>>> print(open('my_file14.pdb').read())   # PDB, C-alpha atoms, pLDDT in the B column
ATOM      1  CA  MET A 177     -16.737  -8.551 -17.345  1.00 77.00           C
ATOM      2  CA  SER A 178     -15.965  -7.882 -13.708  1.00 85.00           C
ATOM      3  CA  LEU A 179     -18.401  -7.965 -10.820  1.00 91.00           C
ATOM      4  CA  PHE A 180     -16.717  -4.853  -9.411  1.00 97.00           C
ATOM      5  CA  PRO A 181     -17.061  -1.166 -10.353  1.00 97.00           C
ATOM      6  CA  GLY A 182     -14.390   0.347 -12.584  1.00 97.00           C
ATOM      7  CA  ASP A 183     -12.645   2.306  -9.826  1.00 98.00           C
ATOM      8  CA  ILE A 184     -12.144  -0.851  -7.754  1.00 98.00           C
ATOM      9  CA  ILE A 185     -10.825  -2.701 -10.810  1.00 98.00           C
ATOM     10  CA  ALA A 186      -8.415   0.170 -11.500  1.00 98.00           C
ATOM     11  CA  LEU A 187      -7.174   0.154  -7.893  1.00 98.00           C
ATOM     12  CA  SER A 188      -6.814  -3.633  -7.906  1.00 98.00           C
ATOM     13  CA  THR A 189      -4.992  -3.601 -11.244  1.00 98.00           C
ATOM     14  CA  GLY A 190      -2.553  -0.973  -9.983  1.00 98.00           C
ATOM     15  CA  ILE A 191      -1.872  -2.972  -6.833  1.00 98.00           C
ATOM     16  CA  ILE A 192      -1.295  -6.235  -8.698  1.00 98.00           C
ATOM     17  CA  GLU A 193       1.032  -4.587 -11.227  1.00 98.00           C
ATOM     18  CA  GLU A 194       3.005  -2.577  -8.673  1.00 98.00           C
ATOM     19  CA  PHE A 195       3.249  -5.258  -6.006  1.00 98.00           C
ATOM     20  CA  SER A 196       4.169  -7.923  -8.563  1.00 98.00           C
ATOM     21  CA  ALA A 197       7.016  -5.731  -9.814  1.00 98.00           C
ATOM     22  CA  ARG A 198       8.156  -5.129  -6.229  1.00 98.00           C
ATOM     23  CA  GLY A 199       7.810  -8.758  -5.129  1.00 98.00           C
ATOM     24  CA  LEU A 200       5.214  -7.965  -2.451  1.00 98.00           C
ATOM     25  CA  THR A 201       2.588 -10.431  -1.258  1.00 98.00           C
ATOM     26  CA  ILE A 202      -0.784  -9.831   0.407  1.00 98.00           C
ATOM     27  CA  ALA A 203      -3.078 -11.543   2.883  1.00 98.00           C
ATOM     28  CA  THR A 204      -6.562 -10.302   3.726  1.00 98.00           C
ATOM     29  CA  ALA A 205      -8.604 -10.748   6.900  1.00 98.00           C
ATOM     30  CA  GLU A 206     -12.209  -9.890   6.211  1.00 98.00           C
ATOM     31  CA  SER A 207     -15.348  -9.787   8.263  1.00 98.00           C
ATOM     32  CA  CYS A 208     -18.026  -7.439   6.866  1.00 98.00           C
ATOM     33  CA  THR A 209     -16.720  -7.744   3.293  1.00 98.00           C
ATOM     34  CA  GLY A 210     -16.830 -11.544   3.356  1.00 98.00           C
ATOM     35  CA  GLY A 211     -13.921 -11.976   0.942  1.00 98.00           C
ATOM     36  CA  LEU A 212     -14.667  -9.109  -1.452  1.00 98.00           C
ATOM     37  CA  ILE A 213     -11.198  -7.564  -1.028  1.00 98.00           C
ATOM     38  CA  ALA A 214      -9.518 -10.819  -2.007  1.00 98.00           C
ATOM     39  CA  GLY A 215     -12.132 -11.185  -4.748  1.00 98.00           C
ATOM     40  CA  ALA A 216     -11.363  -7.763  -6.207  1.00 98.00           C
ATOM     41  CA  LEU A 217      -7.640  -8.486  -6.219  1.00 98.00           C
ATOM     42  CA  THR A 218      -7.990 -11.968  -7.695  1.00 98.00           C
ATOM     43  CA  ASP A 219     -10.248 -10.572 -10.425  1.00 97.00           C
ATOM     44  CA  ILE A 220      -7.025  -9.279 -11.997  1.00 98.00           C
ATOM     45  CA  ALA A 221      -4.892 -11.495 -14.219  1.00 97.00           C
ATOM     46  CA  GLY A 222      -1.518 -12.092 -12.603  1.00 97.00           C
ATOM     47  CA  SER A 223      -2.871 -11.793  -9.077  1.00 98.00           C
ATOM     48  CA  SER A 224      -1.430 -15.172  -8.088  1.00 98.00           C
ATOM     49  CA  ALA A 225       2.006 -13.529  -7.907  1.00 98.00           C
ATOM     50  CA  VAL A 226       0.708 -11.170  -5.201  1.00 98.00           C
ATOM     51  CA  VAL A 227      -2.314 -12.581  -3.368  1.00 98.00           C
ATOM     52  CA  ASP A 228      -1.280 -15.353  -0.998  1.00 98.00           C
ATOM     53  CA  ARG A 229      -4.484 -15.967   0.975  1.00 98.00           C
ATOM     54  CA  GLY A 230      -7.587 -14.503   2.482  1.00 98.00           C
ATOM     55  CA  PHE A 231      -9.150 -15.197   5.837  1.00 98.00           C
ATOM     56  CA  VAL A 232     -12.909 -14.709   6.010  1.00 98.00           C
ATOM     57  CA  THR A 233     -13.386 -14.365   9.746  1.00 98.00           C
ATOM     58  CA  TYR A 234     -17.033 -13.477   9.997  1.00 96.00           C
ATOM     59  CA  SER A 235     -17.585 -14.923  13.460  1.00 97.00           C
ATOM     60  CA  ASN A 236     -15.709 -14.113  16.649  1.00 98.00           C
ATOM     61  CA  THR A 237     -14.683 -17.775  16.840  1.00 98.00           C
ATOM     62  CA  ALA A 238     -13.104 -17.544  13.382  1.00 98.00           C
ATOM     63  CA  LYS A 239     -11.305 -14.329  14.310  1.00 98.00           C
ATOM     64  CA  HIS A 240      -9.855 -16.060  17.353  1.00 98.00           C
ATOM     65  CA  GLU A 241      -9.091 -19.478  15.850  1.00 98.00           C
ATOM     66  CA  MET A 242      -7.809 -18.447  12.420  1.00 98.00           C
ATOM     67  CA  ILE A 243      -5.859 -15.258  13.102  1.00 98.00           C
ATOM     68  CA  GLY A 244      -5.402 -15.128  16.846  1.00 98.00           C
ATOM     69  CA  VAL A 245      -7.657 -12.259  17.894  1.00 98.00           C
ATOM     70  CA  ARG A 246      -7.744 -12.567  21.657  1.00 98.00           C
ATOM     71  CA  GLU A 247     -11.061 -13.484  23.244  1.00 98.00           C
ATOM     72  CA  GLU A 248     -10.382 -10.747  25.808  1.00 98.00           C
ATOM     73  CA  THR A 249     -10.201  -8.166  23.011  1.00 98.00           C
ATOM     74  CA  LEU A 250     -13.461  -9.356  21.471  1.00 98.00           C
ATOM     75  CA  GLY A 251     -15.161  -9.403  24.859  1.00 98.00           C
ATOM     76  CA  ARG A 252     -13.945  -5.999  25.969  1.00 98.00           C
ATOM     77  CA  PHE A 253     -14.105  -3.997  22.732  1.00 98.00           C
ATOM     78  CA  GLY A 254     -16.334  -6.078  20.459  1.00 98.00           C
ATOM     79  CA  ALA A 255     -15.783  -7.408  16.978  1.00 98.00           C
ATOM     80  CA  VAL A 256     -16.235  -3.957  15.441  1.00 98.00           C
ATOM     81  CA  SER A 257     -13.423  -2.000  17.063  1.00 98.00           C
ATOM     82  CA  LYS A 258     -10.010  -0.537  16.401  1.00 98.00           C
ATOM     83  CA  GLU A 259      -8.475  -3.069  18.762  1.00 98.00           C
ATOM     84  CA  THR A 260      -9.991  -6.028  16.920  1.00 98.00           C
ATOM     85  CA  ALA A 261      -9.011  -4.675  13.490  1.00 98.00           C
ATOM     86  CA  LEU A 262      -5.417  -4.225  14.644  1.00 98.00           C
ATOM     87  CA  GLU A 263      -5.257  -7.747  16.069  1.00 98.00           C
ATOM     88  CA  MET A 264      -6.840  -9.102  12.890  1.00 98.00           C
ATOM     89  CA  VAL A 265      -4.243  -7.523  10.631  1.00 98.00           C
ATOM     90  CA  GLU A 266      -1.324  -8.507  12.851  1.00 98.00           C
ATOM     91  CA  GLY A 267      -2.665 -12.066  13.076  1.00 98.00           C
ATOM     92  CA  ALA A 268      -3.157 -12.330   9.314  1.00 98.00           C
ATOM     93  CA  LEU A 269       0.338 -11.007   8.643  1.00 98.00           C
ATOM     94  CA  LYS A 270       1.838 -13.495  11.092  1.00 98.00           C
ATOM     95  CA  ALA A 271      -0.255 -16.479   9.961  1.00 98.00           C
ATOM     96  CA  ALA A 272       0.378 -15.869   6.260  1.00 98.00           C
ATOM     97  CA  GLY A 273       3.967 -14.642   6.400  1.00 98.00           C
ATOM     98  CA  THR A 274       3.210 -12.164   3.623  1.00 98.00           C
ATOM     99  CA  SER A 275       4.730  -8.747   2.977  1.00 98.00           C
ATOM    100  CA  LEU A 276       1.454  -6.959   3.699  1.00 98.00           C
ATOM    101  CA  ALA A 277      -1.979  -7.585   5.163  1.00 98.00           C
ATOM    102  CA  VAL A 278      -5.249  -5.722   5.386  1.00 98.00           C
ATOM    103  CA  ALA A 279      -8.131  -6.380   7.774  1.00 98.00           C
ATOM    104  CA  VAL A 280     -11.683  -5.073   7.982  1.00 98.00           C
ATOM    105  CA  THR A 281     -14.489  -5.415  10.500  1.00 98.00           C
ATOM    106  CA  GLY A 282     -17.711  -3.444  10.486  1.00 98.00           C
ATOM    107  CA  ILE A 283     -21.471  -3.223  10.375  1.00 98.00           C
ATOM    108  CA  ALA A 284     -22.806  -3.411   6.829  1.00 97.00           C
ATOM    109  CA  GLY A 285     -26.448  -3.522   7.855  1.00 96.00           C
ATOM    110  CA  PRO A 286     -29.245  -3.237   7.307  1.00 95.00           C
ATOM    111  CA  GLY A 287     -29.550  -4.228  10.991  1.00 93.00           C
ATOM    112  CA  GLY A 288     -27.035  -4.759  13.737  1.00 93.00           C
ATOM    113  CA  GLY A 289     -26.189  -1.151  14.453  1.00 93.00           C
ATOM    114  CA  SER A 290     -26.454   0.738  17.725  1.00 95.00           C
ATOM    115  CA  PRO A 291     -26.031   4.387  18.739  1.00 94.00           C
ATOM    116  CA  GLU A 292     -22.386   3.645  19.680  1.00 94.00           C
ATOM    117  CA  LYS A 293     -21.725   1.470  16.640  1.00 97.00           C
ATOM    118  CA  PRO A 294     -24.074   2.499  13.832  1.00 98.00           C
ATOM    119  CA  VAL A 295     -24.614   0.780  10.500  1.00 98.00           C
ATOM    120  CA  GLY A 296     -21.786   1.911   8.237  1.00 98.00           C
ATOM    121  CA  LEU A 297     -19.096   1.894  10.941  1.00 98.00           C
ATOM    122  CA  VAL A 298     -16.028   0.016   9.709  1.00 98.00           C
ATOM    123  CA  HIS A 299     -12.585  -0.364  11.266  1.00 98.00           C
ATOM    124  CA  LEU A 300      -9.780  -1.120   8.835  1.00 99.00           C
ATOM    125  CA  ALA A 301      -6.120  -1.873   9.472  1.00 98.00           C
ATOM    126  CA  ALA A 302      -3.177  -2.501   7.180  1.00 98.00           C
ATOM    127  CA  ALA A 303       0.285  -3.683   8.140  1.00 98.00           C
ATOM    128  CA  SER A 304       3.610  -4.508   6.558  1.00 98.00           C
ATOM    129  CA  LYS A 305       6.226  -6.976   7.715  1.00 97.00           C
ATOM    130  CA  THR A 306       8.546  -3.969   8.083  1.00 96.00           C
ATOM    131  CA  GLY A 307       6.408  -2.825  11.022  1.00 96.00           C
ATOM    132  CA  LYS A 308       4.296  -0.130   9.410  1.00 97.00           C
ATOM    133  CA  LEU A 309       0.751  -0.209  10.773  1.00 98.00           C
ATOM    134  CA  ILE A 310      -2.196   2.022   9.924  1.00 98.00           C
ATOM    135  CA  HIS A 311      -5.791   2.116  11.123  1.00 98.00           C
ATOM    136  CA  ARG A 312      -8.822   3.943   9.809  1.00 98.00           C
ATOM    137  CA  GLU A 313     -12.249   4.284  11.321  1.00 98.00           C
ATOM    138  CA  MET A 314     -14.801   4.930   8.620  1.00 98.00           C
ATOM    139  CA  ARG A 315     -18.381   6.001   9.159  1.00 98.00           C
ATOM    140  CA  PHE A 316     -19.893   5.472   5.740  1.00 98.00           C
ATOM    141  CA  GLY A 317     -23.439   5.943   7.000  1.00 97.00           C
ATOM    142  CA  ASP A 318     -26.419   3.767   6.238  1.00 96.00           C
ATOM    143  CA  LEU A 319     -25.808   3.637   2.461  1.00 96.00           C
ATOM    144  CA  GLY A 320     -27.122   0.116   2.081  1.00 97.00           C
ATOM    145  CA  ARG A 321     -25.258  -3.139   2.545  1.00 97.00           C
ATOM    146  CA  THR A 322     -23.680  -3.343  -0.907  1.00 97.00           C
ATOM    147  CA  ALA A 323     -22.515   0.286  -0.932  1.00 98.00           C
ATOM    148  CA  ILE A 324     -20.952  -0.052   2.532  1.00 98.00           C
ATOM    149  CA  ARG A 325     -19.138  -3.225   1.539  1.00 98.00           C
ATOM    150  CA  LEU A 326     -17.824  -1.701  -1.715  1.00 98.00           C
ATOM    151  CA  ALA A 327     -16.735   1.485   0.084  1.00 98.00           C
ATOM    152  CA  THR A 328     -14.847  -0.733   2.516  1.00 98.00           C
ATOM    153  CA  VAL A 329     -13.120  -2.558  -0.354  1.00 98.00           C
ATOM    154  CA  ARG A 330     -12.039   0.781  -1.882  1.00 98.00           C
ATOM    155  CA  THR A 331     -10.642   2.016   1.418  1.00 98.00           C
ATOM    156  CA  ALA A 332      -8.856  -1.274   2.094  1.00 98.00           C
ATOM    157  CA  LEU A 333      -7.183  -1.212  -1.319  1.00 98.00           C
ATOM    158  CA  GLU A 334      -6.058   2.391  -0.773  1.00 98.00           C
ATOM    159  CA  MET A 335      -4.651   1.390   2.611  1.00 98.00           C
ATOM    160  CA  LEU A 336      -2.655  -1.461   1.036  1.00 98.00           C
ATOM    161  CA  LEU A 337      -1.028   1.097  -1.252  1.00 98.00           C
ATOM    162  CA  ASP A 338      -0.360   3.416   1.714  1.00 98.00           C
ATOM    163  CA  VAL A 339       1.183   0.724   3.909  1.00 98.00           C
ATOM    164  CA  SER A 340       3.394  -0.524   1.063  1.00 97.00           C
ATOM    165  CA  GLN A 341       5.256   2.776   0.870  1.00 93.00           C
ATOM    166  CA  ALA A 342       8.588   2.748   2.651  1.00 65.00           C
TER     167      ALA A 342
END
>>> encode(input="my_file14.pdb", output="structure tokens")
Amino acid sequence: MSLFPGDIIALSTGIIEEFSARGLTIATAESCTGGLIAGALTDIAGSSAVVDRGFVTYSNTAKHEMIGVREETLGRFGAVSKETALEMVEGALKAAGTSLAVAVTGIAGPGGGSPEKPVGLVHLAAASKTGKLIHREMRFGDLGRTAIRLATVRTALEMLLDVSQA
């Protein structure tokens, strides 16, 4: 039995089957989800053909040291920003050398929000080695920590499918 809801398992299964058939590999760079995206993907048998690695970059130091997010970016825009998400995904793609990468950074709560960056704000980015790059800003609202994290996983998986299309 999986730890994840059925819709996330279905998305993950589709990704593993499709990407395996196409010879695509994935890296994840996760902050607010703490590895749940990689966990959802590796919950599927056969995932080792697709999932190369996951970076859990919860701290700013980890974002900088592991995947090259510039300290200037973190200082100017903050960890939860479009700019940081884009640097996270580009850094993960470069560090891993995979076909695709997805990155997420957000505020899962219950605390930590502000009027400018409320609980439920998540920036996601997905990139392919062919140069395709997409970003989404999601405002899930204060749904509770688990619901925000699972909504982020769903969106990230959908974005992997989107960025994989030629």
>>> residues_around(input="my_file14.pdb", residues="A:Leu200", least_positions_apart="6", cutoff="12 Å", atoms="all atoms listed in the file", output="list of chain:residue names")
A:Ile191, A:Ile192, A:Glu193, A:Glu194, A:Ser223, A:Ser224, A:Ala225, A:Val226, A:Val227, A:Asp228, A:Gly273, A:Thr274, A:Ser275, A:Leu276, A:Ala277, A:Ser304, A:Lys305, A:Thr306, A:Leu336, A:Leu337, A:Val339, A:Ser340, A:Gln341
>>> closest_residue(input="my_file14.pdb", among="A:Arg246, A:Ala271, A:Ala323, A:Met335", to="A:Ser188", atoms="only C-alpha atoms")
A:Met335
>>> atom_distance(input="my_file14.pdb", atom1="atom CA of A:Met264", atom2="atom CA of A:Gly307")
14.8 Å
>>> residues_around(input="my_file14.pdb", residues="A:Gly267", least_positions_apart="2", cutoff="7 Å", atoms="only C-alpha atoms", output="PDB file with C-alpha atoms, in the frame of the given file")
ATOM      1  CA  ILE A 243      -5.859 -15.258  13.102  1.00 98.00           C
ATOM      2  CA  GLY A 244      -5.402 -15.128  16.846  1.00 98.00           C
ATOM      3  CA  VAL A 245      -7.657 -12.259  17.894  1.00 98.00           C
ATOM      4  CA  GLU A 263      -5.257  -7.747  16.069  1.00 98.00           C
ATOM      5  CA  MET A 264      -6.840  -9.102  12.890  1.00 98.00           C
ATOM      6  CA  VAL A 265      -4.243  -7.523  10.631  1.00 98.00           C
ATOM      7  CA  LEU A 269       0.338 -11.007   8.643  1.00 98.00           C
ATOM      8  CA  LYS A 270       1.838 -13.495  11.092  1.00 98.00           C
ATOM      9  CA  ALA A 271      -0.255 -16.479   9.961  1.00 98.00           C
TER      10      ALA A 271
END
>>> resolve_selection(input="my_file14.pdb", expression="the PyMOL selection byres ((chain A and resi 298) around 6)", output="JSON, numbers by chain")
{"A": [281, 282, 297, 299, 313, 314]}
>>> residues_around(input="my_file14.pdb", residues="A:Ser207", least_positions_apart="3", cutoff="10 Å", atoms="all atoms listed in the file", output="number ranges by chain")
A: 204, 210-212, 231-236, 238-239, 255-256, 261, 264, 279-284, 298
>>> closest_residue(input="my_file14.pdb", among="A:Val295, A:Met177, A:Ile185, A:Ala268", to="A:Ile213", atoms="only C-alpha atoms")
A:Ile185
>>> closest_residue(input="my_file14.pdb", among="A:Pro294, A:Ile184, A:His240, A:Ser196", to="A:Gly215", atoms="all atoms listed in the file")
A:Ile184
>>> residues_around(input="my_file14.pdb", residues="A:Thr189", least_positions_apart="6", cutoff="12 Å", atoms="only C-alpha atoms", output="ChimeraX atom specification")
/A:180,182-183,195-196,216-223,226,333,337
>>> closest_residue(input="my_file14.pdb", among="A:Thr322, A:Thr328, A:Pro181, A:Leu300", to="A:Glu266", atoms="only C-alpha atoms")
A:Leu300
>>> axis_aligned_box(input="my_file14.pdb", around="stretch 190-206 of chain A", padding_each_side="8 Å", output="JSON")
{"center_x": -2.0, "center_y": -6.3, "center_z": -2.2, "size_x": 36.4, "size_y": 26.6, "size_z": 34.1}
>>> resolve_selection(input="my_file14.pdb", expression="the PyMOL selection byres ((chain A and resi 317) around 7)", output="VMD selection string")
chain A and resid 295 to 296 315 to 316 318 to 319
>>> atom_distance(input="my_file14.pdb", atom1="atom CA of A:Ser257", atom2="atom CA of A:Pro291")
14.2 Å
>>> atom_distance(input="my_file14.pdb", atom1="atom CA of A:Gly230", atom2="atom CA of A:Ala203")
5.4 Å
